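Trainee: Structure file protein.txt, compact mmCIF, N, CA and C atoms, is pasted below:
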# COMPACT_ATOMS: atom_id res chain seq x y z
N MET Z 319 124.04 94.90 83.98
CA MET Z 319 123.97 95.89 85.03
C MET Z 319 124.60 95.30 86.29
N ILE Z 320 125.26 96.16 87.05
CA ILE Z 320 125.87 95.80 88.32
C ILE Z 320 125.13 96.54 89.43
N ILE Z 321 124.75 95.80 90.46
CA ILE Z 321 124.12 96.37 91.65
C ILE Z 321 125.12 96.26 92.80
N VAL Z 322 125.32 97.33 93.53
CA VAL Z 322 126.17 97.35 94.71
C VAL Z 322 125.27 97.65 95.90
N LEU Z 323 125.28 96.75 96.89
CA LEU Z 323 124.44 96.91 98.08
C LEU Z 323 125.21 96.53 99.33
N GLY Z 324 124.89 97.18 100.41
CA GLY Z 324 125.51 96.80 101.67
C GLY Z 324 125.35 97.87 102.73
N HIS Z 325 126.16 97.73 103.76
CA HIS Z 325 126.14 98.68 104.86
C HIS Z 325 127.57 98.89 105.36
N ILE Z 326 127.79 100.06 105.92
CA ILE Z 326 129.06 100.36 106.56
C ILE Z 326 128.77 101.12 107.84
N GLU Z 327 129.70 101.03 108.76
CA GLU Z 327 129.62 101.79 110.00
C GLU Z 327 130.93 102.54 110.18
N ILE Z 328 130.80 103.76 110.66
CA ILE Z 328 131.96 104.58 110.98
C ILE Z 328 131.74 105.16 112.37
N ALA Z 329 132.74 105.80 112.92
CA ALA Z 329 132.57 106.44 114.22
C ALA Z 329 131.56 107.58 114.08
N PRO Z 330 130.60 107.68 114.99
CA PRO Z 330 129.59 108.74 114.89
C PRO Z 330 130.19 110.14 114.76
N ALA Z 331 131.32 110.38 115.37
CA ALA Z 331 131.96 111.69 115.28
C ALA Z 331 132.46 112.00 113.88
N ASP Z 332 132.65 110.98 113.05
CA ASP Z 332 133.16 111.15 111.68
C ASP Z 332 132.06 111.26 110.63
N ARG Z 333 130.80 111.14 111.04
CA ARG Z 333 129.68 111.05 110.10
C ARG Z 333 129.62 112.21 109.12
N ASP Z 334 129.67 113.44 109.59
CA ASP Z 334 129.53 114.59 108.69
C ASP Z 334 130.69 114.69 107.71
N GLU Z 335 131.90 114.43 108.18
CA GLU Z 335 133.07 114.46 107.29
C GLU Z 335 132.95 113.36 106.23
N PHE Z 336 132.52 112.18 106.64
CA PHE Z 336 132.35 111.06 105.72
C PHE Z 336 131.32 111.41 104.64
N LEU Z 337 130.18 111.94 105.04
CA LEU Z 337 129.14 112.29 104.07
C LEU Z 337 129.61 113.37 103.10
N GLN Z 338 130.39 114.32 103.58
CA GLN Z 338 130.94 115.34 102.69
C GLN Z 338 131.90 114.72 101.67
N ASP Z 339 132.73 113.80 102.12
CA ASP Z 339 133.66 113.12 101.22
C ASP Z 339 132.91 112.28 100.19
N ILE Z 340 131.81 111.66 100.59
CA ILE Z 340 130.98 110.88 99.66
C ILE Z 340 130.43 111.79 98.56
N LYS Z 341 129.98 112.97 98.94
CA LYS Z 341 129.45 113.91 97.94
C LYS Z 341 130.50 114.25 96.89
N GLU Z 342 131.75 114.36 97.31
CA GLU Z 342 132.82 114.74 96.40
C GLU Z 342 133.17 113.64 95.39
N ILE Z 343 132.92 112.39 95.73
CA ILE Z 343 133.25 111.30 94.78
C ILE Z 343 132.01 110.74 94.09
N ASN Z 344 130.85 111.33 94.32
CA ASN Z 344 129.60 110.81 93.77
C ASN Z 344 129.67 110.74 92.24
N PRO Z 345 129.67 109.53 91.68
CA PRO Z 345 129.79 109.39 90.22
C PRO Z 345 128.53 109.79 89.48
N ALA Z 346 127.40 109.87 90.17
CA ALA Z 346 126.15 110.28 89.51
C ALA Z 346 126.24 111.73 89.05
N ASN Z 347 127.17 112.49 89.58
CA ASN Z 347 127.36 113.89 89.19
C ASN Z 347 128.23 114.03 87.94
N LYS Z 348 128.73 112.93 87.43
CA LYS Z 348 129.64 112.97 86.28
C LYS Z 348 128.96 112.37 85.05
N THR Z 349 128.74 113.19 84.06
CA THR Z 349 128.10 112.75 82.82
C THR Z 349 128.93 111.64 82.18
N GLY Z 350 128.26 110.60 81.75
CA GLY Z 350 128.93 109.51 81.06
C GLY Z 350 129.68 108.56 81.96
N SER Z 351 129.43 108.61 83.26
CA SER Z 351 130.17 107.75 84.19
C SER Z 351 129.67 106.31 84.17
N GLY Z 352 128.47 106.08 83.64
CA GLY Z 352 127.89 104.75 83.68
C GLY Z 352 127.18 104.45 84.99
N CYS Z 353 127.13 105.45 85.86
CA CYS Z 353 126.42 105.29 87.13
C CYS Z 353 124.95 105.63 86.92
N LEU Z 354 124.08 104.66 87.17
CA LEU Z 354 122.65 104.86 86.99
C LEU Z 354 121.99 105.41 88.25
N SER Z 355 122.49 105.04 89.40
CA SER Z 355 122.04 105.63 90.67
C SER Z 355 123.08 105.35 91.74
N TYR Z 356 123.14 106.23 92.73
CA TYR Z 356 124.18 106.16 93.75
C TYR Z 356 123.63 106.77 95.02
N ALA Z 357 123.49 105.98 96.07
CA ALA Z 357 122.94 106.50 97.32
C ALA Z 357 123.67 105.91 98.52
N ILE Z 358 124.12 106.79 99.38
CA ILE Z 358 124.65 106.42 100.68
C ILE Z 358 123.77 107.15 101.68
N THR Z 359 123.00 106.43 102.47
CA THR Z 359 122.05 107.05 103.39
C THR Z 359 122.32 106.60 104.82
N ILE Z 360 121.92 107.44 105.75
CA ILE Z 360 122.09 107.12 107.17
C ILE Z 360 120.95 106.22 107.61
N ALA Z 361 121.28 105.00 107.98
CA ALA Z 361 120.28 104.05 108.46
C ALA Z 361 120.09 104.17 109.96
N ASP Z 362 121.17 104.48 110.68
CA ASP Z 362 121.10 104.63 112.14
C ASP Z 362 122.12 105.68 112.56
N PRO Z 363 121.66 106.91 112.85
CA PRO Z 363 122.61 107.97 113.19
C PRO Z 363 123.35 107.75 114.51
N GLU Z 364 122.77 106.97 115.41
CA GLU Z 364 123.40 106.73 116.71
C GLU Z 364 124.75 106.02 116.57
N VAL Z 365 124.83 105.10 115.62
CA VAL Z 365 126.08 104.36 115.43
C VAL Z 365 126.72 104.66 114.09
N ALA Z 366 126.20 105.67 113.39
CA ALA Z 366 126.70 106.07 112.06
C ALA Z 366 126.75 104.88 111.12
N ARG Z 367 125.61 104.18 111.05
CA ARG Z 367 125.46 103.06 110.11
C ARG Z 367 124.86 103.60 108.82
N MET Z 368 125.53 103.33 107.70
CA MET Z 368 125.11 103.82 106.40
C MET Z 368 124.69 102.65 105.52
N GLN Z 369 123.65 102.87 104.72
CA GLN Z 369 123.22 101.92 103.72
C GLN Z 369 123.80 102.37 102.38
N VAL Z 370 124.30 101.44 101.60
CA VAL Z 370 124.89 101.71 100.30
C VAL Z 370 124.03 101.04 99.24
N ALA Z 371 123.64 101.81 98.22
CA ALA Z 371 122.87 101.27 97.09
C ALA Z 371 123.31 101.97 95.82
N GLU Z 372 123.86 101.20 94.90
CA GLU Z 372 124.36 101.76 93.64
C GLU Z 372 123.89 100.87 92.48
N ARG Z 373 123.66 101.50 91.32
CA ARG Z 373 123.37 100.78 90.08
C ARG Z 373 124.35 101.28 89.02
N TRP Z 374 125.00 100.35 88.35
CA TRP Z 374 126.00 100.68 87.35
C TRP Z 374 125.62 100.05 86.02
N GLN Z 375 125.88 100.75 84.96
CA GLN Z 375 125.60 100.26 83.60
C GLN Z 375 126.29 98.93 83.35
N ASP Z 376 127.57 98.82 83.79
CA ASP Z 376 128.34 97.61 83.55
C ASP Z 376 129.57 97.61 84.46
N GLN Z 377 130.30 96.50 84.46
CA GLN Z 377 131.49 96.37 85.30
C GLN Z 377 132.57 97.38 84.88
N GLN Z 378 132.68 97.65 83.61
CA GLN Z 378 133.67 98.60 83.13
C GLN Z 378 133.46 99.98 83.76
N SER Z 379 132.21 100.41 83.86
CA SER Z 379 131.90 101.71 84.47
C SER Z 379 132.25 101.73 85.95
N LEU Z 380 131.89 100.65 86.66
CA LEU Z 380 132.22 100.56 88.09
C LEU Z 380 133.73 100.54 88.28
N SER Z 381 134.43 99.77 87.47
CA SER Z 381 135.89 99.69 87.58
C SER Z 381 136.54 101.05 87.33
N ALA Z 382 136.03 101.80 86.35
CA ALA Z 382 136.57 103.13 86.07
C ALA Z 382 136.37 104.05 87.28
N HIS Z 383 135.21 103.97 87.92
CA HIS Z 383 134.95 104.78 89.12
C HIS Z 383 135.92 104.41 90.24
N LEU Z 384 136.11 103.11 90.45
CA LEU Z 384 136.99 102.67 91.53
C LEU Z 384 138.45 103.02 91.28
N ALA Z 385 138.82 103.24 90.03
CA ALA Z 385 140.20 103.59 89.67
C ALA Z 385 140.45 105.09 89.63
N ARG Z 386 139.39 105.90 89.75
CA ARG Z 386 139.57 107.36 89.72
C ARG Z 386 140.42 107.83 90.90
N GLN Z 387 141.19 108.87 90.68
CA GLN Z 387 142.06 109.43 91.71
C GLN Z 387 141.27 109.80 92.97
N GLU Z 388 140.10 110.43 92.79
CA GLU Z 388 139.29 110.87 93.92
C GLU Z 388 138.78 109.67 94.73
N THR Z 389 138.37 108.62 94.03
CA THR Z 389 137.87 107.43 94.71
C THR Z 389 138.99 106.73 95.46
N LEU Z 390 140.15 106.61 94.85
CA LEU Z 390 141.30 105.99 95.51
C LEU Z 390 141.70 106.77 96.76
N ALA Z 391 141.66 108.10 96.69
CA ALA Z 391 141.98 108.91 97.86
C ALA Z 391 140.95 108.69 98.97
N PHE Z 392 139.67 108.58 98.59
CA PHE Z 392 138.61 108.31 99.57
C PHE Z 392 138.85 106.96 100.24
N ILE Z 393 139.12 105.93 99.45
CA ILE Z 393 139.35 104.60 99.99
C ILE Z 393 140.56 104.60 100.92
N ASN Z 394 141.62 105.27 100.51
CA ASN Z 394 142.82 105.35 101.34
C ASN Z 394 142.52 106.04 102.67
N LYS Z 395 141.73 107.10 102.64
CA LYS Z 395 141.40 107.86 103.85
C LYS Z 395 140.50 107.07 104.79
N TRP Z 396 139.50 106.38 104.24
CA TRP Z 396 138.44 105.79 105.06
C TRP Z 396 138.55 104.29 105.28
N SER Z 397 139.36 103.57 104.53
CA SER Z 397 139.33 102.10 104.58
C SER Z 397 139.57 101.55 105.98
N GLY Z 398 140.43 102.13 106.75
CA GLY Z 398 140.69 101.66 108.11
C GLY Z 398 139.68 102.16 109.12
N ARG Z 399 138.78 103.03 108.69
CA ARG Z 399 137.80 103.63 109.60
C ARG Z 399 136.38 103.15 109.34
N MET Z 400 136.20 102.27 108.36
CA MET Z 400 134.88 101.73 108.02
C MET Z 400 134.83 100.24 108.35
N GLN Z 401 133.67 99.81 108.80
CA GLN Z 401 133.41 98.39 108.97
C GLN Z 401 132.07 98.09 108.33
N GLY Z 402 131.87 96.87 107.91
CA GLY Z 402 130.60 96.49 107.32
C GLY Z 402 130.80 95.55 106.16
N GLU Z 403 129.81 95.52 105.29
CA GLU Z 403 129.86 94.62 104.15
C GLU Z 403 129.15 95.28 102.97
N VAL Z 404 129.87 95.42 101.88
CA VAL Z 404 129.32 95.94 100.63
C VAL Z 404 129.65 94.94 99.54
N LEU Z 405 128.62 94.46 98.85
CA LEU Z 405 128.79 93.42 97.82
C LEU Z 405 128.26 93.91 96.49
N LYS Z 406 128.73 93.29 95.40
CA LYS Z 406 128.19 93.63 94.08
C LYS Z 406 127.51 92.40 93.50
N TYR Z 407 126.50 92.66 92.68
CA TYR Z 407 125.69 91.61 92.08
C TYR Z 407 125.51 91.91 90.59
N ASP Z 408 125.49 90.88 89.79
CA ASP Z 408 125.15 91.01 88.38
C ASP Z 408 123.64 90.95 88.26
N ALA Z 409 123.04 91.90 87.55
CA ALA Z 409 121.60 91.93 87.34
C ALA Z 409 121.34 91.76 85.85
N THR Z 410 120.60 90.73 85.50
CA THR Z 410 120.39 90.44 84.09
C THR Z 410 118.93 90.44 83.67
N ASN Z 411 118.02 90.62 84.61
CA ASN Z 411 116.61 90.56 84.28
C ASN Z 411 115.86 91.73 84.92
N GLU Z 412 116.23 92.94 84.56
CA GLU Z 412 115.62 94.12 85.14
C GLU Z 412 114.21 94.32 84.57
N ARG Z 413 113.27 94.67 85.46
CA ARG Z 413 111.89 94.94 85.07
C ARG Z 413 111.21 95.72 86.17
N PRO Z 414 110.10 96.39 85.88
CA PRO Z 414 109.40 97.16 86.91
C PRO Z 414 108.95 96.27 88.07
N LEU Z 415 108.94 96.83 89.24
CA LEU Z 415 108.59 96.08 90.45
C LEU Z 415 107.21 95.43 90.37
N MET Z 416 106.22 96.13 89.84
CA MET Z 416 104.87 95.64 89.83
C MET Z 416 104.50 94.85 88.55
N ALA Z 417 105.49 94.56 87.74
CA ALA Z 417 105.22 93.82 86.50
C ALA Z 417 105.19 92.32 86.74
The structure given in the file should be rewritten as structure tokens.
Mentor:
Amino acid sequence: MIIVLGHIEIAPADRDEFLQDIKEINPANKTGSGCLSYAITIADPEVARMQVAERWQDQQSLSAHLARQETLAFINKWSGRMQGEVLKYDATNERPLMA
């Protein structure tokens, strides 16, 4: 399993457009995408700071998402307008929180 976590900041005036674009590329809406969960949430609306949390079945699924036409268009549109840090982690010992 691959975990993607981090934060990004955009101009506050761009927040609504950014969130709409995120909805359009959301891989959780695509059956068989390998996306187990996908969340981009507003952590601080004053500075348009977003928290990113994703779970992927495997690297192949994440790579396929990143190579999709819609995702590439999103990255091209927003890459110069986002700042922050988003990292991926390999998860090999998944279990319930209270176990």
Trainee: For Trp374 of chain Z, which of Z:Val404, Z:Cys353, Z:Ile326, Z:Ile340 is the closest residue, counting only N, CA and C atoms?
Mentor: Z:Cys353
Trainee: Write out as a VMD selection string the residues lying within 10 Å of Lys341 of chain Z, counting only C-alpha atoms and excluding same-chain residues fewer than 6 positions away.
Mentor: chain Z and resid 347 357 to 358
Trainee: If you run DSSP over the backbone, which residues in chain Z end up helix (DSSP H, G or I)? Put them as a PyMOL selection string.
Mentor: chain Z and resi 330-343+345-347+377-385+387-399
Trainee: I need the residues from that last selection saved to file as a short mmCIF file (atom, residue, chain, number, x, y, z; two decimals), keeping the file's coordinate frame (with N, CA and C atoms), if you can.
Mentor:
data_model
loop_
_atom_site.label_atom_id
_atom_site.label_comp_id
_atom_site.auth_asym_id
_atom_site.auth_seq_id
_atom_site.Cartn_x
_atom_site.Cartn_y
_atom_site.Cartn_z
N PRO Z 330 130.60 107.68 114.99
CA PRO Z 330 129.59 108.74 114.89
C PRO Z 330 130.19 110.14 114.76
N ALA Z 331 131.32 110.38 115.37
CA ALA Z 331 131.96 111.69 115.28
C ALA Z 331 132.46 112.00 113.88
N ASP Z 332 132.65 110.98 113.05
CA ASP Z 332 133.16 111.15 111.68
C ASP Z 332 132.06 111.26 110.63
N ARG Z 333 130.80 111.14 111.04
CA ARG Z 333 129.68 111.05 110.10
C ARG Z 333 129.62 112.21 109.12
N ASP Z 334 129.67 113.44 109.59
CA ASP Z 334 129.53 114.59 108.69
C ASP Z 334 130.69 114.69 107.71
N GLU Z 335 131.90 114.43 108.18
CA GLU Z 335 133.07 114.46 107.29
C GLU Z 335 132.95 113.36 106.23
N PHE Z 336 132.52 112.18 106.64
CA PHE Z 336 132.35 111.06 105.72
C PHE Z 336 131.32 111.41 104.64
N LEU Z 337 130.18 111.94 105.04
CA LEU Z 337 129.14 112.29 104.07
C LEU Z 337 129.61 113.37 103.10
N GLN Z 338 130.39 114.32 103.58
CA GLN Z 338 130.94 115.34 102.69
C GLN Z 338 131.90 114.72 101.67
N ASP Z 339 132.73 113.80 102.12
CA ASP Z 339 133.66 113.12 101.22
C ASP Z 339 132.91 112.28 100.19
N ILE Z 340 131.81 111.66 100.59
CA ILE Z 340 130.98 110.88 99.66
C ILE Z 340 130.43 111.79 98.56
N LYS Z 341 129.98 112.97 98.94
CA LYS Z 341 129.45 113.91 97.94
C LYS Z 341 130.50 114.25 96.89
N GLU Z 342 131.75 114.36 97.31
CA GLU Z 342 132.82 114.74 96.40
C GLU Z 342 133.17 113.64 95.39
N ILE Z 343 132.92 112.39 95.73
CA ILE Z 343 133.25 111.30 94.78
C ILE Z 343 132.01 110.74 94.09
N PRO Z 345 129.67 109.53 91.68
CA PRO Z 345 129.79 109.39 90.22
C PRO Z 345 128.53 109.79 89.48
N ALA Z 346 127.40 109.87 90.17
CA ALA Z 346 126.15 110.28 89.51
C ALA Z 346 126.24 111.73 89.05
N ASN Z 347 127.17 112.49 89.58
CA ASN Z 347 127.36 113.89 89.19
C ASN Z 347 128.23 114.03 87.94
N GLN Z 377 130.30 96.50 84.46
CA GLN Z 377 131.49 96.37 85.30
C GLN Z 377 132.57 97.38 84.88
N GLN Z 378 132.68 97.65 83.61
CA GLN Z 378 133.67 98.60 83.13
C GLN Z 378 133.46 99.98 83.76
N SER Z 379 132.21 100.41 83.86
CA SER Z 379 131.90 101.71 84.47
C SER Z 379 132.25 101.73 85.95
N LEU Z 380 131.89 100.65 86.66
CA LEU Z 380 132.22 100.56 88.09
C LEU Z 380 133.73 100.54 88.28
N SER Z 381 134.43 99.77 87.47
CA SER Z 381 135.89 99.69 87.58
C SER Z 381 136.54 101.05 87.33
N ALA Z 382 136.03 101.80 86.35
CA ALA Z 382 136.57 103.13 86.07
C ALA Z 382 136.37 104.05 87.28
N HIS Z 383 135.21 103.97 87.92
CA HIS Z 383 134.95 104.78 89.12
C HIS Z 383 135.92 104.41 90.24
N LEU Z 384 136.11 103.11 90.45
CA LEU Z 384 136.99 102.67 91.53
C LEU Z 384 138.45 103.02 91.28
N ALA Z 385 138.82 103.24 90.03
CA ALA Z 385 140.20 103.59 89.67
C ALA Z 385 140.45 105.09 89.63
N GLN Z 387 141.19 108.87 90.68
CA GLN Z 387 142.06 109.43 91.71
C GLN Z 387 141.27 109.80 92.97
N GLU Z 388 140.10 110.43 92.79
CA GLU Z 388 139.29 110.87 93.92
C GLU Z 388 138.78 109.67 94.73
N THR Z 389 138.37 108.62 94.03
CA THR Z 389 137.87 107.43 94.71
C THR Z 389 138.99 106.73 95.46
N LEU Z 390 140.15 106.61 94.85
CA LEU Z 390 141.30 105.99 95.51
C LEU Z 390 141.70 106.77 96.76
N ALA Z 391 141.66 108.10 96.69
CA ALA Z 391 141.98 108.91 97.86
C ALA Z 391 140.95 108.69 98.97
N PHE Z 392 139.67 108.58 98.59
CA PHE Z 392 138.61 108.31 99.57
C PHE Z 392 138.85 106.96 100.24
N ILE Z 393 139.12 105.93 99.45
CA ILE Z 393 139.35 104.60 99.99
C ILE Z 393 140.56 104.60 100.92
N ASN Z 394 141.62 105.27 100.51
CA ASN Z 394 142.82 105.35 101.34
C ASN Z 394 142.52 106.04 102.67
N LYS Z 395 141.73 107.10 102.64
CA LYS Z 395 141.40 107.86 103.85
C LYS Z 395 140.50 107.07 104.79
N TRP Z 396 139.50 106.38 104.24
CA TRP Z 396 138.44 105.79 105.06
C TRP Z 396 138.55 104.29 105.28
N SER Z 397 139.36 103.57 104.53
CA SER Z 397 139.33 102.10 104.58
C SER Z 397 139.57 101.55 105.98
N GLY Z 398 140.43 102.13 106.75
CA GLY Z 398 140.69 101.66 108.11
C GLY Z 398 139.68 102.16 109.12
N ARG Z 399 138.78 103.03 108.69
CA ARG Z 399 137.80 103.63 109.60
C ARG Z 399 136.38 103.15 109.34
#
Trainee: What box, with edges along x, y and z, holds each listed atom of segment 367-377 of chain Z when 5 Å is added on every side, and can you state its centre and edge lengths in Å to one decimal, as AutoDock Vina command-line options?
Mentor:
--center_x 127.7 --center_y 100.3 --center_z 97.2 --size_x 19.7 --size_y 17.8 --size_z 37.7
Trainee: Enumerate, as an mmCIF file with N, CA and C atoms, in the frame of the given file, the complete set of residues in segment 320-416 of chain Z that a backbone-based DSSP assignment places in strand (DSSP E or B).
Mentor:
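Below is the file that was written, states01.cif:
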data_model
loop_
_atom_site.group_PDB
_atom_site.id
_atom_site.type_symbol
_atom_site.label_atom_id
_atom_site.label_comp_id
_atom_site.auth_asym_id
_atom_site.auth_seq_id
_atom_site.Cartn_x
_atom_site.Cartn_y
_atom_site.Cartn_z
ATOM 1 N N ILE Z 320 125.260 96.160 87.050
ATOM 2 C CA ILE Z 320 125.870 95.800 88.320
ATOM 3 C C ILE Z 320 125.130 96.540 89.430
ATOM 4 N N ILE Z 321 124.750 95.800 90.460
ATOM 5 C CA ILE Z 321 124.120 96.370 91.650
ATOM 6 C C ILE Z 321 125.120 96.260 92.800
ATOM 7 N N VAL Z 322 125.320 97.330 93.530
ATOM 8 C CA VAL Z 322 126.170 97.350 94.710
ATOM 9 C C VAL Z 322 125.270 97.650 95.900
ATOM 10 N N LEU Z 323 125.280 96.750 96.890
ATOM 11 C CA LEU Z 323 124.440 96.910 98.080
ATOM 12 C C LEU Z 323 125.210 96.530 99.330
ATOM 13 N N GLY Z 324 124.890 97.180 100.410
ATOM 14 C CA GLY Z 324 125.510 96.800 101.670
ATOM 15 C C GLY Z 324 125.350 97.870 102.730
ATOM 16 N N HIS Z 325 126.160 97.730 103.760
ATOM 17 C CA HIS Z 325 126.140 98.680 104.860
ATOM 18 C C HIS Z 325 127.570 98.890 105.360
ATOM 19 N N ILE Z 326 127.790 100.060 105.920
ATOM 20 C CA ILE Z 326 129.060 100.360 106.560
ATOM 21 C C ILE Z 326 128.770 101.120 107.840
ATOM 22 N N GLU Z 327 129.700 101.030 108.760
ATOM 23 C CA GLU Z 327 129.620 101.790 110.000
ATOM 24 C C GLU Z 327 130.930 102.540 110.180
ATOM 25 N N CYS Z 353 127.130 105.450 85.860
ATOM 26 C CA CYS Z 353 126.420 105.290 87.130
ATOM 27 C C CYS Z 353 124.950 105.630 86.920
ATOM 28 N N LEU Z 354 124.080 104.660 87.170
ATOM 29 C CA LEU Z 354 122.650 104.860 86.990
ATOM 30 C C LEU Z 354 121.990 105.410 88.250
ATOM 31 N N SER Z 355 122.490 105.040 89.400
ATOM 32 C CA SER Z 355 122.040 105.630 90.670
ATOM 33 C C SER Z 355 123.080 105.350 91.740
ATOM 34 N N TYR Z 356 123.140 106.230 92.730
ATOM 35 C CA TYR Z 356 124.180 106.160 93.750
ATOM 36 C C TYR Z 356 123.630 106.770 95.020
ATOM 37 N N ALA Z 357 123.490 105.980 96.070
ATOM 38 C CA ALA Z 357 122.940 106.500 97.320
ATOM 39 C C ALA Z 357 123.670 105.910 98.520
ATOM 40 N N ILE Z 358 124.120 106.790 99.380
ATOM 41 C CA ILE Z 358 124.650 106.420 100.680
ATOM 42 C C ILE Z 358 123.770 107.150 101.680
ATOM 43 N N THR Z 359 123.000 106.430 102.470
ATOM 44 C CA THR Z 359 122.050 107.050 103.390
ATOM 45 C C THR Z 359 122.320 106.600 104.820
ATOM 46 N N ILE Z 360 121.920 107.440 105.750
ATOM 47 C CA ILE Z 360 122.090 107.120 107.170
ATOM 48 C C ILE Z 360 120.950 106.220 107.610
ATOM 49 N N ALA Z 361 121.280 105.000 107.980
ATOM 50 C CA ALA Z 361 120.280 104.050 108.460
ATOM 51 C C ALA Z 361 120.090 104.170 109.960
ATOM 52 N N ASP Z 362 121.170 104.480 110.680
ATOM 53 C CA ASP Z 362 121.100 104.630 112.140
ATOM 54 C C ASP Z 362 122.120 105.680 112.560
ATOM 55 N N ARG Z 367 125.610 104.180 111.050
ATOM 56 C CA ARG Z 367 125.460 103.060 110.110
ATOM 57 C C ARG Z 367 124.860 103.600 108.820
ATOM 58 N N MET Z 368 125.530 103.330 107.700
ATOM 59 C CA MET Z 368 125.110 103.820 106.400
ATOM 60 C C MET Z 368 124.690 102.650 105.520
ATOM 61 N N GLN Z 369 123.650 102.870 104.720
ATOM 62 C CA GLN Z 369 123.220 101.920 103.720
ATOM 63 C C GLN Z 369 123.800 102.370 102.380
ATOM 64 N N VAL Z 370 124.300 101.440 101.600
ATOM 65 C CA VAL Z 370 124.890 101.710 100.300
ATOM 66 C C VAL Z 370 124.030 101.040 99.240
ATOM 67 N N ALA Z 371 123.640 101.810 98.220
ATOM 68 C CA ALA Z 371 122.870 101.270 97.090
ATOM 69 C C ALA Z 371 123.310 101.970 95.820
ATOM 70 N N GLU Z 372 123.860 101.200 94.900
ATOM 71 C CA GLU Z 372 124.360 101.760 93.640
ATOM 72 C C GLU Z 372 123.890 100.870 92.480
ATOM 73 N N ARG Z 373 123.660 101.500 91.320
ATOM 74 C CA ARG Z 373 123.370 100.780 90.080
ATOM 75 C C ARG Z 373 124.350 101.280 89.020
ATOM 76 N N TRP Z 374 125.000 100.350 88.350
ATOM 77 C CA TRP Z 374 126.000 100.680 87.350
ATOM 78 C C TRP Z 374 125.620 100.050 86.020
ATOM 79 N N GLN Z 401 133.670 99.810 108.800
ATOM 80 C CA GLN Z 401 133.410 98.390 108.970
ATOM 81 C C GLN Z 401 132.070 98.090 108.330
ATOM 82 N N GLY Z 402 131.870 96.870 107.910
ATOM 83 C CA GLY Z 402 130.600 96.490 107.320
ATOM 84 C C GLY Z 402 130.800 95.550 106.160
ATOM 85 N N GLU Z 403 129.810 95.520 105.290
ATOM 86 C CA GLU Z 403 129.860 94.620 104.150
ATOM 87 C C GLU Z 403 129.150 95.280 102.970
ATOM 88 N N VAL Z 404 129.870 95.420 101.880
ATOM 89 C CA VAL Z 404 129.320 95.940 100.630
ATOM 90 C C VAL Z 404 129.650 94.940 99.540
ATOM 91 N N LEU Z 405 128.620 94.460 98.850
ATOM 92 C CA LEU Z 405 128.790 93.420 97.820
ATOM 93 C C LEU Z 405 128.260 93.910 96.490
ATOM 94 N N LYS Z 406 128.730 93.290 95.400
ATOM 95 C CA LYS Z 406 128.190 93.630 94.080
ATOM 96 C C LYS Z 406 127.510 92.400 93.500
ATOM 97 N N TYR Z 407 126.500 92.660 92.680
ATOM 98 C CA TYR Z 407 125.690 91.610 92.080
ATOM 99 C C TYR Z 407 125.510 91.910 90.590
ATOM 100 N N ASP Z 408 125.490 90.880 89.790
ATOM 101 C CA ASP Z 408 125.150 91.010 88.380
ATOM 102 C C ASP Z 408 123.640 90.950 88.260
#
Trainee: Find the residues near segment 361-371 of chain Z: any atom within 9 Å, counting only C-alpha atoms, skip ones fewer than 2 places away on the same chain, and give them as a ChimeraX atom specification.
Mentor: /Z:321-333,355-359,373,402,404
Trainee: Rounded to one decimal place, report the atom N of Phe336 of chain Z-atom N of Leu390 of chain Z distance in Å.
Mentor: 15.1 Å
Trainee: Could you tell me how far atom C of Met416 of chain Z sits from atom C of Ser379 of chain Z, in Å to one decimal place?
Mentor: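 Here the two named atoms are 28.7 Å from each other.
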Trainee: Calculated over all atoms listed in the file, which of the candidates Z:Leu354, Z:Ala417, Z:Leu337, Z:Ala385 has the smallest distance to Glu372 of chain Z?
Mentor: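 Closest to Glu372 of chain Z, using all atoms listed in the file: Z:Leu354.
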Trainee: Provide the atom CA of Gln377 of chain Z to atom CA of Ala391 of chain Z distance in Å, to one decimal place.
Mentor: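 Atom CA of Ala391 of chain Z lies at a distance of 20.6 Å from atom CA of Gln377 of chain Z.
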